[in-house]
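Have a look at protein09.txt; it's compact mmCIF, C-alpha atoms:
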```txt
# COMPACT_ATOMS: atom_id res chain seq x y z
CA MET O 1 -0.71 -53.71 -237.88
CA SER O 2 0.41 -55.83 -235.01
CA ASN O 3 -1.69 -58.88 -236.07
CA THR O 4 -2.93 -60.00 -232.72
CA ILE O 5 -6.23 -61.40 -231.44
CA THR O 6 -7.34 -61.82 -227.86
CA ILE O 7 -8.68 -65.18 -226.63
CA ASP O 8 -10.05 -65.23 -223.09
CA GLY O 9 -7.94 -62.17 -222.26
CA GLN O 10 -4.74 -63.65 -223.68
CA THR O 11 -3.16 -61.77 -226.58
CA ILE O 12 -1.92 -64.10 -229.30
CA PRO O 13 -0.27 -63.38 -232.66
CA PHE O 14 -1.57 -64.54 -236.01
CA GLN O 15 -0.32 -64.56 -239.57
CA GLU O 16 -2.31 -63.31 -242.51
CA GLY O 17 -4.57 -66.13 -243.82
CA GLN O 18 -4.74 -68.03 -240.54
CA THR O 19 -8.07 -68.93 -239.00
CA ILE O 20 -8.77 -68.36 -235.32
CA MET O 21 -8.24 -72.10 -234.83
CA ASP O 22 -4.85 -72.00 -236.60
CA ALA O 23 -3.68 -69.07 -234.49
CA ALA O 24 -4.96 -70.64 -231.28
CA LEU O 25 -3.28 -74.02 -231.92
CA ALA O 26 -0.02 -72.26 -232.81
CA ALA O 27 -0.18 -70.26 -229.58
CA GLY O 28 -0.95 -73.30 -227.43
CA VAL O 29 -4.60 -72.40 -226.84
CA TYR O 30 -6.98 -75.36 -227.10
CA ILE O 31 -10.38 -74.93 -228.73
CA PRO O 32 -12.39 -78.21 -228.66
CA HIS O 33 -12.97 -79.58 -232.15
CA LEU O 34 -13.92 -82.80 -233.95
CA CYS O 35 -14.36 -82.26 -237.71
CA HIS O 36 -11.27 -80.08 -237.85
CA ASN O 37 -7.85 -81.55 -238.47
CA PRO O 38 -5.00 -79.09 -239.12
CA GLU O 39 -3.80 -81.24 -242.04
CA PHE O 40 -6.98 -80.59 -244.02
CA THR O 41 -9.09 -77.76 -245.39
CA PRO O 42 -11.56 -76.77 -242.65
CA HIS O 43 -15.07 -78.17 -242.93
CA GLY O 44 -16.86 -76.20 -240.21
CA SER O 45 -19.64 -78.72 -239.67
CA CYS O 46 -19.40 -80.07 -236.11
CA LYS O 47 -19.60 -76.58 -234.54
CA LEU O 48 -17.75 -77.79 -231.46
CA CYS O 49 -15.11 -75.13 -232.03
CA THR O 50 -17.69 -72.35 -231.77
CA VAL O 51 -16.25 -69.27 -230.06
CA THR O 52 -17.75 -65.87 -229.42
CA VAL O 53 -16.08 -63.16 -231.50
CA ASN O 54 -17.07 -59.62 -230.67
CA GLY O 55 -20.39 -60.94 -229.36
CA ARG O 56 -21.20 -63.31 -232.22
CA ASN O 57 -20.83 -67.09 -232.22
CA VAL O 58 -18.70 -68.39 -235.09
CA ALA O 59 -16.87 -71.60 -235.98
CA SER O 60 -13.23 -70.86 -235.17
CA CYS O 61 -11.92 -73.40 -237.69
CA THR O 62 -13.37 -71.43 -240.64
CA MET O 63 -13.32 -67.86 -239.28
CA PRO O 64 -10.27 -65.88 -240.41
CA ALA O 65 -8.29 -64.24 -237.65
CA VAL O 66 -8.67 -60.47 -237.94
CA GLU O 67 -6.75 -57.82 -236.05
CA GLY O 68 -8.25 -56.90 -232.72
CA GLN O 69 -10.84 -59.69 -232.39
CA GLN O 70 -12.01 -60.17 -228.82
CA ILE O 71 -12.72 -63.88 -228.48
CA ALA O 72 -14.36 -65.89 -225.70
CA ASN O 73 -13.42 -69.58 -225.82
CA ASN O 74 -13.06 -71.50 -222.57
CA THR O 75 -16.23 -70.27 -220.85
CA ASP O 76 -18.82 -72.27 -218.91
CA GLU O 77 -21.50 -71.17 -221.36
CA LEU O 78 -19.64 -72.27 -224.51
CA ASN O 79 -18.47 -75.51 -222.92
CA ALA O 80 -22.06 -76.33 -221.93
CA LYS O 81 -23.10 -75.83 -225.57
CA ARG O 82 -20.18 -77.97 -226.75
CA ARG O 83 -21.18 -80.68 -224.26
CA ALA O 84 -24.76 -80.61 -225.59
CA LEU O 85 -23.49 -80.94 -229.19
CA THR O 86 -21.30 -83.87 -228.17
CA GLN O 87 -24.23 -85.52 -226.38
CA MET O 88 -26.33 -85.15 -229.53
CA LEU O 89 -23.58 -86.84 -231.55
CA PHE O 90 -23.60 -89.72 -229.07
CA VAL O 91 -27.37 -90.33 -229.19
CA GLU O 92 -27.66 -89.76 -232.94
CA GLY O 93 -25.37 -92.70 -233.71
CA ASN O 94 -24.62 -95.94 -231.90
CA HIS O 95 -21.56 -95.12 -229.83
CA PHE O 96 -20.91 -97.96 -227.39
CA CYS O 97 -17.45 -97.45 -225.98
CA PRO O 98 -17.23 -100.78 -224.07
CA PHE O 99 -17.24 -102.80 -227.28
CA CYS O 100 -15.58 -100.37 -229.68
CA GLU O 101 -11.97 -101.15 -230.45
CA LYS O 102 -11.23 -97.43 -230.96
CA SER O 103 -11.99 -96.73 -227.30
CA GLY O 104 -9.12 -94.80 -225.73
CA ASN O 105 -7.97 -93.56 -229.14
CA CYS O 106 -11.27 -91.94 -230.09
CA ASN O 107 -11.55 -88.16 -230.45
CA LEU O 108 -15.31 -88.16 -229.85
CA GLN O 109 -14.87 -89.98 -226.56
CA ALA O 110 -11.88 -87.82 -225.61
CA VAL O 111 -13.73 -84.58 -226.31
CA ALA O 112 -16.60 -85.90 -224.17
CA TYR O 113 -14.13 -86.58 -221.33
CA HIS O 114 -12.67 -83.10 -221.76
CA LEU O 115 -16.13 -81.57 -221.50
CA ASP O 116 -17.02 -83.66 -218.40
CA MET O 117 -19.86 -85.44 -220.18
CA MET O 118 -21.28 -87.78 -217.56
CA SER O 119 -24.16 -89.08 -219.69
CA PRO O 120 -25.54 -88.60 -223.22
CA HIS O 121 -28.52 -86.80 -221.60
CA TYR O 122 -30.83 -86.96 -224.64
CA ASN O 123 -32.99 -89.90 -225.67
CA HIS O 124 -31.06 -92.36 -227.81
CA PHE O 125 -32.06 -92.76 -231.46
CA TYR O 126 -30.48 -96.22 -231.80
CA PRO O 127 -30.57 -95.78 -235.59
CA ALA O 128 -30.23 -98.79 -237.91
CA ARG O 129 -26.99 -98.19 -239.79
CA GLU O 130 -25.04 -100.39 -242.17
CA VAL O 131 -21.72 -102.02 -241.45
CA ASP O 132 -19.50 -102.70 -244.46
CA ALA O 133 -17.01 -105.47 -243.70
CA SER O 134 -16.49 -106.39 -247.36
CA HIS O 135 -12.98 -104.98 -247.66
CA PRO O 136 -10.26 -107.46 -246.63
CA ASP O 137 -8.26 -104.86 -244.66
CA ILE O 138 -10.66 -102.08 -243.67
CA LEU O 139 -13.92 -102.03 -241.73
CA LEU O 140 -16.55 -99.33 -242.21
CA ASP O 141 -19.02 -99.14 -239.30
CA ARG O 142 -21.49 -96.35 -239.98
CA ASN O 143 -22.88 -96.71 -236.44
CA ARG O 144 -19.87 -94.72 -235.25
CA CYS O 145 -19.76 -92.14 -238.05
CA ILE O 146 -20.18 -88.48 -237.06
CA LEU O 147 -20.20 -87.16 -240.66
CA CYS O 148 -17.09 -85.03 -240.16
CA GLU O 149 -15.99 -85.67 -243.77
CA LEU O 150 -12.36 -86.19 -242.79
CA CYS O 151 -12.25 -89.48 -244.77
CA VAL O 152 -13.91 -87.71 -247.71
CA ARG O 153 -11.29 -84.96 -247.61
CA ALA O 154 -8.39 -87.37 -247.07
CA SER O 155 -9.41 -89.66 -249.92
CA ARG O 156 -10.00 -86.77 -252.31
CA ASP O 157 -7.20 -84.40 -251.34
CA VAL O 158 -4.40 -86.72 -250.19
CA ASP O 159 -5.01 -90.17 -251.66
CA GLY O 160 -6.51 -88.84 -254.92
CA LYS O 161 -9.12 -91.62 -254.95
CA GLU O 162 -12.47 -90.10 -253.95
CA VAL O 163 -13.60 -93.27 -252.20
CA PHE O 164 -15.99 -91.62 -249.75
CA GLY O 165 -18.79 -89.08 -249.91
CA LEU O 166 -21.76 -87.86 -247.91
CA SER O 167 -25.22 -88.47 -249.30
CA GLY O 168 -28.67 -87.32 -248.18
CA ARG O 169 -29.62 -84.43 -245.95
CA GLY O 170 -30.43 -83.90 -242.29
CA ILE O 171 -31.09 -87.06 -240.35
CA ASP O 172 -30.86 -89.08 -243.61
CA CYS O 173 -27.30 -87.95 -244.29
CA LYS O 174 -24.88 -90.88 -244.43
CA LEU O 175 -21.41 -91.85 -245.50
CA VAL O 176 -21.45 -93.54 -248.91
CA VAL O 177 -18.80 -95.44 -250.83
CA ASN O 178 -17.94 -94.56 -254.40
CA SER O 179 -18.22 -97.93 -256.15
CA SER O 180 -20.89 -99.46 -258.39
CA SER O 181 -21.88 -101.91 -255.64
CA GLY O 182 -21.54 -99.32 -252.88
CA ASP O 183 -19.20 -101.71 -251.08
CA LEU O 184 -15.69 -100.89 -249.91
CA VAL O 185 -14.26 -104.05 -251.47
CA ASP O 186 -14.99 -102.66 -254.95
CA THR O 187 -12.92 -99.51 -254.40
CA ASP O 188 -9.15 -99.13 -254.59
CA LEU O 189 -8.97 -98.02 -250.93
CA ALA O 190 -5.83 -99.40 -249.28
CA ALA O 191 -5.03 -99.80 -245.60
CA THR O 192 -2.06 -97.45 -246.06
CA ASP O 193 -4.26 -94.64 -247.40
CA LYS O 194 -4.73 -91.51 -245.33
CA ALA O 195 -8.50 -92.07 -245.54
CA ALA O 196 -8.13 -95.40 -243.73
CA SER O 197 -6.48 -93.86 -240.68
CA VAL O 198 -7.92 -90.34 -240.43
CA CYS O 199 -11.29 -91.21 -238.84
CA PRO O 200 -11.60 -89.48 -235.44
CA THR O 201 -13.99 -92.22 -234.22
CA GLY O 202 -14.15 -95.97 -234.83
CA ALA O 203 -16.16 -95.68 -238.07
CA ILE O 204 -13.23 -96.56 -240.35
CA ILE O 205 -10.66 -98.88 -238.86
CA VAL O 206 -7.88 -100.98 -240.29
CA LYS O 207 -8.60 -104.62 -239.51
CA ARG O 208 -6.46 -106.81 -237.27
CA HIS O 209 -4.91 -103.92 -235.32
CA GLY O 210 -7.76 -103.33 -232.88
CA PHE O 211 -6.03 -104.38 -229.71
CA SER O 212 -2.35 -104.07 -230.66
CA VAL O 213 -2.22 -101.32 -228.04
CA PRO O 214 -4.04 -102.52 -224.91
CA ILE O 215 -6.75 -100.54 -223.14
CA GLY O 216 -5.00 -98.48 -220.47
CA GLN O 217 -2.06 -97.55 -222.72
CA ARG O 218 -3.99 -95.66 -225.36
CA ILE O 219 -3.67 -92.03 -226.44
CA PHE O 220 -6.34 -90.55 -224.21
CA ASP O 221 -6.21 -93.03 -221.31
CA HIS O 222 -3.99 -90.75 -219.25
CA LYS O 223 -3.90 -87.53 -221.26
CA ASP O 224 -6.63 -85.02 -221.97
CA ILE O 225 -7.28 -84.35 -225.67
CA SER O 226 -6.32 -80.68 -225.20
CA GLN O 227 -2.83 -81.71 -224.16
CA VAL O 228 -2.53 -84.32 -226.94
CA GLN O 229 -3.62 -81.96 -229.71
CA LEU O 230 -1.55 -79.01 -228.50
CA GLU O 231 1.53 -81.22 -228.29
CA ALA O 232 0.83 -82.47 -231.83
CA ALA O 233 0.52 -78.88 -233.08
CA GLN O 234 3.77 -77.96 -231.37
CA LYS O 235 5.53 -80.96 -232.93
CA GLU O 236 4.19 -80.01 -236.35
CA ARG O 237 5.61 -76.48 -235.97
CA GLY O 238 8.96 -78.02 -235.04
CA HIS O 239 9.01 -79.78 -238.42
CA GLU O 240 8.31 -76.63 -240.40
CA MET R 1 -21.31 -93.03 -185.69
CA SER R 2 -24.37 -94.62 -184.14
CA GLU R 3 -26.22 -97.30 -186.08
CA ASN R 4 -29.35 -95.25 -186.74
CA LYS R 5 -27.41 -92.43 -188.41
CA LYS R 6 -25.95 -94.60 -191.11
CA ILE R 7 -26.66 -93.66 -194.71
CA ARG R 8 -29.08 -96.21 -196.15
CA VAL R 9 -28.08 -97.53 -199.59
CA ALA R 10 -29.97 -99.76 -202.00
CA THR R 11 -28.51 -101.32 -205.15
CA CYS R 12 -29.79 -103.45 -208.00
CA SER R 13 -28.83 -104.76 -211.40
CA LEU R 14 -31.41 -104.40 -214.17
CA ALA R 15 -30.22 -105.36 -217.68
CA GLY R 16 -26.63 -105.60 -216.47
CA CYS R 17 -24.04 -108.27 -215.82
CA PHE R 18 -23.35 -107.54 -212.12
CA GLY R 19 -19.91 -106.32 -213.19
CA CYS R 20 -20.57 -102.94 -211.55
CA HIS R 21 -21.48 -104.72 -208.30
CA MET R 22 -18.25 -106.70 -208.60
CA SER R 23 -16.39 -103.42 -209.01
CA LEU R 24 -18.05 -102.11 -205.85
CA LEU R 25 -16.79 -105.19 -203.99
CA ASP R 26 -13.39 -104.54 -205.57
CA ILE R 27 -12.82 -101.58 -203.22
CA ASP R 28 -11.52 -104.41 -201.01
CA GLU R 29 -10.69 -103.52 -197.39
CA LYS R 30 -12.31 -100.10 -197.85
CA LEU R 31 -15.61 -102.01 -197.75
CA LEU R 32 -15.14 -102.16 -193.96
CA THR R 33 -14.78 -98.37 -193.81
CA LEU R 34 -17.78 -98.02 -196.07
CA LEU R 35 -19.89 -100.27 -193.86
CA GLU R 36 -19.18 -97.96 -190.91
CA LEU R 37 -20.83 -95.17 -192.90
CA ILE R 38 -23.64 -96.99 -194.69
CA GLU R 39 -26.11 -99.80 -194.27
CA PHE R 40 -27.69 -101.75 -197.09
CA ASP R 41 -31.37 -101.87 -197.90
CA ARG R 42 -32.50 -103.80 -200.98
CA THR R 43 -29.46 -105.18 -202.77
CA PRO R 44 -28.29 -108.55 -204.11
CA LEU R 45 -25.86 -108.51 -201.15
CA THR R 46 -28.67 -108.62 -198.55
CA ASP R 47 -31.22 -110.41 -200.73
CA ILE R 48 -33.90 -107.98 -199.50
CA LYS R 49 -36.52 -108.06 -202.26
CA HIS R 50 -38.11 -104.63 -202.02
CA CYS R 51 -36.79 -101.16 -201.47
CA SER R 52 -37.79 -99.12 -198.42
CA PRO R 53 -37.00 -95.41 -198.01
CA CYS R 54 -33.27 -94.90 -198.64
CA ASP R 55 -30.74 -92.14 -199.01
CA VAL R 56 -28.92 -93.48 -202.04
CA GLY R 57 -29.91 -95.89 -204.81
CA LEU R 58 -27.28 -97.34 -207.11
CA ILE R 59 -28.65 -98.75 -210.36
CA GLU R 60 -26.62 -100.98 -212.61
CA GLY R 61 -27.91 -101.99 -216.04
CA GLY R 62 -30.35 -100.57 -218.55
CA VAL R 63 -34.06 -101.18 -218.95
CA CYS R 64 -34.88 -104.18 -221.15
CA ASN R 65 -38.23 -105.44 -219.83
CA ALA R 66 -41.33 -104.51 -217.84
CA GLU R 67 -39.93 -105.81 -214.55
CA ASN R 68 -36.91 -103.50 -214.92
CA VAL R 69 -39.29 -100.54 -215.10
CA HIS R 70 -41.16 -101.61 -211.94
CA VAL R 71 -37.90 -102.02 -210.01
CA LEU R 72 -36.51 -98.75 -211.32
CA LYS R 73 -39.66 -96.84 -210.34
CA GLU R 74 -39.60 -98.43 -206.88
CA PHE R 75 -36.03 -97.19 -206.47
CA ARG R 76 -36.86 -93.70 -207.71
CA LYS R 77 -39.79 -93.51 -205.32
CA ASN R 78 -37.71 -94.59 -202.32
CA CYS R 79 -34.26 -93.11 -202.93
CA LYS R 80 -33.43 -89.49 -202.27
CA VAL R 81 -30.45 -89.71 -204.61
CA LEU R 82 -30.51 -92.04 -207.60
CA VAL R 83 -27.25 -92.92 -209.33
CA ALA R 84 -26.84 -94.55 -212.75
CA VAL R 85 -23.81 -96.79 -212.38
CA GLY R 86 -21.98 -98.08 -215.46
CA SER R 87 -22.36 -97.95 -219.23
CA CYS R 88 -25.57 -100.02 -219.43
CA ALA R 89 -27.48 -97.75 -217.05
CA ILE R 90 -26.16 -94.69 -218.93
CA THR R 91 -26.34 -95.76 -222.60
CA GLY R 92 -28.04 -99.17 -222.67
CA GLY R 93 -24.58 -100.70 -223.12
CA ILE R 94 -23.93 -104.24 -224.32
CA PRO R 95 -27.62 -105.35 -224.07
CA ALA R 96 -28.50 -102.46 -226.42
CA MET R 97 -26.52 -104.24 -229.16
CA ARG R 98 -29.79 -106.04 -229.86
CA ASN R 99 -31.65 -102.77 -230.48
CA ASN R 100 -31.48 -103.10 -234.24
CA ILE R 101 -32.30 -106.79 -234.33
CA GLY R 102 -35.94 -107.84 -234.14
CA LEU R 103 -36.99 -109.35 -230.81
CA TRP R 104 -38.26 -112.51 -232.45
CA GLU R 105 -35.02 -112.91 -234.40
CA CYS R 106 -33.11 -112.60 -231.10
CA PHE R 107 -35.27 -115.26 -229.44
CA GLN R 108 -34.93 -117.61 -232.39
CA GLU R 109 -31.17 -117.21 -232.41
CA VAL R 110 -30.89 -117.91 -228.67
CA TYR R 111 -33.55 -120.58 -228.16
CA GLN R 112 -34.00 -122.26 -231.54
CA PHE R 113 -30.98 -121.93 -233.83
CA GLU R 114 -28.16 -122.05 -231.31
CA GLY R 115 -26.31 -125.36 -231.52
CA GLY R 116 -26.80 -128.01 -228.81
CA LEU R 117 -30.42 -127.11 -228.06
CA GLU R 118 -33.08 -129.79 -227.85
CA GLY R 119 -36.72 -129.05 -228.51
CA GLY R 120 -35.93 -125.42 -229.33
CA GLN R 121 -38.83 -123.66 -227.63
CA VAL R 122 -38.98 -119.96 -226.89
CA PRO R 123 -39.93 -119.60 -223.18
CA ASN R 124 -43.43 -118.22 -222.87
CA ASP R 125 -44.36 -118.49 -219.19
CA PRO R 126 -46.71 -115.68 -218.08
CA GLU R 127 -44.45 -115.11 -215.06
CA LEU R 128 -41.58 -114.07 -217.28
CA PRO R 129 -41.24 -110.28 -217.62
CA LEU R 130 -42.39 -108.76 -220.90
CA PRO R 131 -39.29 -107.96 -222.97
CA PHE R 132 -39.05 -104.61 -224.76
CA ASP R 133 -38.11 -104.30 -228.40
CA LYS R 134 -35.28 -101.97 -227.39
CA VAL R 135 -33.03 -101.58 -224.34
CA HIS R 136 -32.90 -98.07 -222.88
CA PRO R 137 -30.71 -96.22 -220.38
CA ILE R 138 -32.46 -95.60 -217.06
CA TYR R 139 -32.53 -91.81 -217.45
CA GLU R 140 -34.98 -92.25 -220.34
CA VAL R 141 -37.46 -93.70 -217.80
CA VAL R 142 -36.89 -91.87 -214.49
CA ASN R 143 -35.01 -88.80 -213.36
CA VAL R 144 -31.40 -89.61 -212.46
CA ASP R 145 -29.36 -87.46 -210.07
CA TYR R 146 -25.82 -88.66 -210.80
CA PHE R 147 -23.96 -90.69 -213.39
CA LEU R 148 -20.95 -92.88 -212.74
CA PRO R 149 -19.64 -94.05 -216.15
CA GLY R 150 -17.43 -97.03 -216.92
CA CYS R 151 -17.72 -100.67 -217.93
CA PRO R 152 -17.46 -101.13 -215.06
CA PRO R 153 -16.56 -97.92 -213.23
CA PRO R 154 -13.19 -98.64 -211.58
CA ALA R 155 -13.32 -99.49 -207.87
CA ASP R 156 -11.40 -96.27 -207.15
CA ALA R 157 -14.00 -94.23 -209.04
CA ILE R 158 -16.83 -95.84 -207.06
CA TRP R 159 -14.97 -95.15 -203.82
CA LYS R 160 -14.25 -91.55 -204.79
CA PHE R 161 -17.86 -91.03 -205.85
CA LEU R 162 -19.37 -92.56 -202.70
CA THR R 163 -17.01 -90.81 -200.29
CA ASP R 164 -17.69 -87.46 -202.00
CA LEU R 165 -21.42 -88.10 -201.78
CA LEU R 166 -21.32 -89.29 -198.15
CA ALA R 167 -19.23 -86.26 -197.16
CA GLY R 168 -21.75 -83.93 -198.75
CA ARG R 169 -19.42 -82.88 -201.56
CA GLU R 170 -20.44 -82.66 -205.20
CA PRO R 171 -19.00 -85.92 -206.63
CA LYS R 172 -16.14 -85.22 -209.01
CA LEU R 173 -14.03 -87.78 -210.86
CA GLU R 174 -10.47 -87.00 -211.87
CA TYR R 175 -9.57 -87.41 -215.54
CA GLU R 176 -8.25 -90.96 -215.34
CA MET R 177 -11.25 -92.18 -213.34
CA LEU R 178 -13.73 -90.98 -215.96
CA HIS R 179 -13.98 -93.43 -218.82
CA TYR R 180 -16.79 -94.97 -220.80
CA ASP R 181 -15.19 -98.36 -221.44
```
Just give me the structure of the file as C-alpha cells.
Amino acid sequence: MSNTITIDGQTIPFQEGQTIMDAALAAGVYIPHLCHNPEFTPHGSCKLCTVTVNGRNVASCTMPAVEGQQIANNTDELNAKRRALTQMLFVEGNHFCPFCEKSGNCNLQAVAYHLDMMSPHYNHFYPAREVDASHPDILLDRNRCILCELCVRASRDVDGKEVFGLSGRGIDCKLVVNSSSGDLVDTDLAATDKAASVCPTGAIIVKRHGFSVPIGQRIFDHKDISQVQLEAAQKERGHE
Amino acid sequence: MSENKKIRVATCSLAGCFGCHMSLLDIDEKLLTLLELIEFDRTPLTDIKHCSPCDVGLIEGGVCNAENVHVLKEFRKNCKVLVAVGSCAITGGIPAMRNNIGLWECFQEVYQFEGGLEGGQVPNDPELPLPFDKVHPIYEVVNVDYFLPGCPPPADAIWKFLTDLLAGREPKLEYEMLHYD
C-alpha cells in the first residue's frame, strides 16, 4: 500500500494510525479547527474541521486516514458551514473582542478572520455566565468558553490534576471546577500548568500578563491562523 | 463630477462612542478626495436632524433604547445600502457589557451609588428615550447590507471599504484591515 490520501486534488502521504488532520498538518495542508490541538487526544466536538470524505462529512481530527480517501476540504460550501459554526459560537457566549485581553492571540477570533466572518449573523444569546476570579494567579471567565475541553484534557492528561470538567448537556453545558466550593482558588491549579495556558480563547488566562504584548504585535495581528498553525506543526516535526 | 451626481451619504451614532466617526475623520487629507465623490445628508457633521433618501447609510453603535430604533428604521427606509460600522453596531460592543446586569441596578450604580453625586435621582423625564433591558446589534432590528468590523475600524479600512463601494466593487478588506478589536 502506498498510504496516500487526496485532499482537494493534492496527494499527501500518511502513516498508519494518523488521522486526516494529522496527515494534513504534516503535509502543510490547513484544515480549520478549534477544539483540536495536536498535543492532545482529539475531542471531535467543535466540528469546524469537518471535511467531505468520499461524499460523507466527517470530523477530520477523529477520522483515521485510510488509503485512497478522496477528501474535499477548502471548498466554498465547507467554509460557509464552518463560518456558520463559528458565528454560532460567537452568539452562544459573550465574545467581545474590544475588551478581551486575549484579542489578537485568540484562536476563535483568528478562525473567524480566516473564514471572513464579517458579523456573527445570528441573534445574540447574551447568556449570564459566571466569572471566577478567586484564584490569585488565574482568571476563569466562562463568558468566553467554547467548551472545547482542552483545559479538561490538559489538566487530566498533562498536569495530572483533573481541575476542570464539563457538566450539563446542550445549552446548559458549562465548564466546572473540581473543588468542594466549585472555585478555582480551592484547587491546586498553578499558573505554570498546561491547563492554565492551553485555552484557545480568553476563558482561562494567567493574571497580570494581559497586555505584556501590545495589541498590534500579537500572534494573529499580521498572520493568518493557517500560516501560524502550519508553521507550528512544521516546527514540531523538526523537533522529532 | 457634477454636484448632483455625488453619492449621498448619511451617518449616525446610536449606542456608540463616536469613535467610528473619529476614525472616518482619521482618513485625513483623503477626506477632500472623498468629498469630491460624496455629499453628506443626516450626520453629526452636518447637524441635519432627519434622513432623506440616500445612497449609503453608515451606522455606528448598537441599539440600546427606543430612539435608537426609530433612527435606525429611518435610515433603513432612506438608505439604499446600510452599513454596520464598528463592534457596537455588529455585536452590541461595550454597551452590551450591561446586558447581564439589571437595568435598575445599572441606574442605581450610575445615578445613586456613584461617589460625588448629590440628591441621587434617577432621571425620569418623559422626553428621555425608553431604555431597553439589553443592547443589541443593529442587524437584529433591520436588514444590514454590509459590515465593517473594528473598535473602531481603522481609517484605512474605512477608506478601502468606501472606495470599493463608490467604485461599484464588492467591498473586500485585506487580512490586516479585518479585526474585531
Work out where the centre of an axis-aligned box around every listed atom of range 20-35 of chain O lies and how long its edges are once 6 Å is added on each side; give both in Å to one decimal as lines of an AutoDock Vina configuration file.
```
center_x = -7.2
center_y = -75.6
center_z = -232.3
size_x = 26.3
size_y = 26.4
size_z = 22.9
```
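Summary of the local environment: counting all atoms listed in the file, residues at most 7 Å from Cys88 in chain R, other than itself and those fewer than 6 positions away along its chain, are Gly16, Glu60, Gly61, Gly62, Ile94 and Pro137 of chain R.
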*asked:* as a VMD selection string, please: the residues near Val176 in chain O (cut-off 6 Å, all atoms listed in the file, same-chain neighbours under 2 positions excluded).
replied: chain O and resid 164 to 166
Can I get the residues of chain R within 8 Å of chain O, each with the closest pair of atoms and their distance in Å to one decimal, using all atoms listed in the file, sorted chain first then ascending number, as CSV?
```
residue,atom,partner,partner_atom,distance
R:Ser87,CA,O:Pro98,CA,7.6
R:Ile90,CA,O:Ser119,CA,6.0
R:Thr91,CA,O:Pro120,CA,7.2
R:Gly93,CA,O:Phe96,CA,6.3
R:Ile94,CA,O:Phe99,CA,7.5
R:Asn99,CA,O:Tyr126,CA,6.8
R:Asn100,CA,O:Ala128,CA,5.8
R:His136,CA,O:His124,CA,7.8
R:Tyr139,CA,O:His121,CA,7.6
R:Glu140,CA,O:Asn123,CA,6.2
R:Phe147,CA,O:Met118,CA,5.7
R:Leu148,CA,O:Met118,CA,7.0
R:Pro149,CA,O:Met118,CA,6.6
R:Cys151,CA,O:Pro98,CA,6.2
R:Tyr175,CA,O:Tyr113,CA,7.4
R:Glu176,CA,O:His222,CA,5.8
R:Leu178,CA,O:Tyr113,CA,7.0
R:His179,CA,O:Tyr113,CA,7.3
R:Tyr180,CA,O:Cys97,CA,5.8
R:Asp181,CA,O:Pro98,CA,4.1
```
*CA of Val71 in chain R to CA of Ala15 in chain R, distance in Å rounded to a single decimal*: 11.4 Å
I want to know what sits within 8 Å of Thr4 in chain O, based on only C-alpha atoms, with residues of the same chain fewer than 5 positions away left out; could you give that as a JSON list (two decimals) with C-alpha atoms, keeping the file's coordinate frame?
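Saved result, part07.json, follows:
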```json
[["chain", "number", "residue", "atom", "x", "y", "z"],
["O", 11, "THR", "CA", -3.16, -61.77, -226.58],
["O", 12, "ILE", "CA", -1.92, -64.10, -229.30],
["O", 13, "PRO", "CA", -0.27, -63.38, -232.66],
["O", 14, "PHE", "CA", -1.57, -64.54, -236.01],
["O", 66, "VAL", "CA", -8.67, -60.47, -237.94],
["O", 67, "GLU", "CA", -6.75, -57.82, -236.05],
["O", 68, "GLY", "CA", -8.25, -56.90, -232.72],
["O", 69, "GLN", "CA", -10.84, -59.69, -232.39]]
```
_So the first atom is CA of Asp157 in chain O and the second is CA of Ile204 in chain O; what is the distance between them in Å, to one decimal place?_
17.5 Å
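Each of R:Gln112, R:Pro154, R:Cys51, R:Pro123 was checked against Glu174 in chain R using only C-alpha atoms; the smallest atom-to-atom distance is that of R:Pro154.
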_Could you list, as a PyMOL selection string, every residue within 10 Å of Pro136 in chain O, counting all atoms listed in the file and ignoring same-chain residues fewer than 4 positions away?_
chain O and resi 184-185+190-191+206-207
How would range 58-65 of chain R read, as a PDB file, keeping the file's coordinate frame, once N, CA, C and O atoms are built in?
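Generated output (part_7.pdb):
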```pdb
ATOM      1  N   LEU R  58     -28.249 -97.122-206.040  1.00  0.00           N
ATOM      2  CA  LEU R  58     -27.280 -97.340-207.110  1.00  0.00           C
ATOM      3  C   LEU R  58     -27.871 -98.319-208.114  1.00  0.00           C
ATOM      4  O   LEU R  58     -28.188 -99.458-207.749  1.00  0.00           O
ATOM      5  N   ILE R  59     -28.039 -97.878-209.355  1.00  0.00           N
ATOM      6  CA  ILE R  59     -28.650 -98.750-210.360  1.00  0.00           C
ATOM      7  C   ILE R  59     -27.625 -99.153-211.391  1.00  0.00           C
ATOM      8  O   ILE R  59     -27.022 -98.310-212.050  1.00  0.00           O
ATOM      9  N   GLU R  60     -27.443-100.439-211.524  1.00  0.00           N
ATOM     10  CA  GLU R  60     -26.620-100.980-212.610  1.00  0.00           C
ATOM     11  C   GLU R  60     -27.554-101.511-213.687  1.00  0.00           C
ATOM     12  O   GLU R  60     -28.618-102.030-213.393  1.00  0.00           O
ATOM     13  N   GLY R  61     -27.130-101.387-214.961  1.00  0.00           N
ATOM     14  CA  GLY R  61     -27.910-101.990-216.040  1.00  0.00           C
ATOM     15  C   GLY R  61     -28.951-101.064-216.631  1.00  0.00           C
ATOM     16  O   GLY R  61     -29.425-100.131-215.982  1.00  0.00           O
ATOM     17  N   GLY R  62     -29.317-101.337-217.872  1.00  0.00           N
ATOM     18  CA  GLY R  62     -30.350-100.570-218.550  1.00  0.00           C
ATOM     19  C   GLY R  62     -31.713-101.203-218.329  1.00  0.00           C
ATOM     20  O   GLY R  62     -31.874-102.103-217.507  1.00  0.00           O
ATOM     21  N   VAL R  63     -32.686-100.702-219.079  1.00  0.00           N
ATOM     22  CA  VAL R  63     -34.060-101.180-218.950  1.00  0.00           C
ATOM     23  C   VAL R  63     -34.397-102.013-220.181  1.00  0.00           C
ATOM     24  O   VAL R  63     -34.435-101.491-221.293  1.00  0.00           O
ATOM     25  N   CYS R  64     -34.611-103.320-219.993  1.00  0.00           N
ATOM     26  CA  CYS R  64     -34.880-104.180-221.150  1.00  0.00           C
ATOM     27  C   CYS R  64     -36.227-104.876-221.078  1.00  0.00           C
ATOM     28  O   CYS R  64     -36.651-105.499-222.039  1.00  0.00           O
ATOM     29  N   ASN R  65     -36.911-104.790-219.916  1.00  0.00           N
ATOM     30  CA  ASN R  65     -38.230-105.440-219.830  1.00  0.00           C
ATOM     31  C   ASN R  65     -39.108-104.745-218.791  1.00  0.00           C
ATOM     32  O   ASN R  65     -38.656-103.828-218.082  1.00  0.00           O
TER      33      ASN R  65
END
```
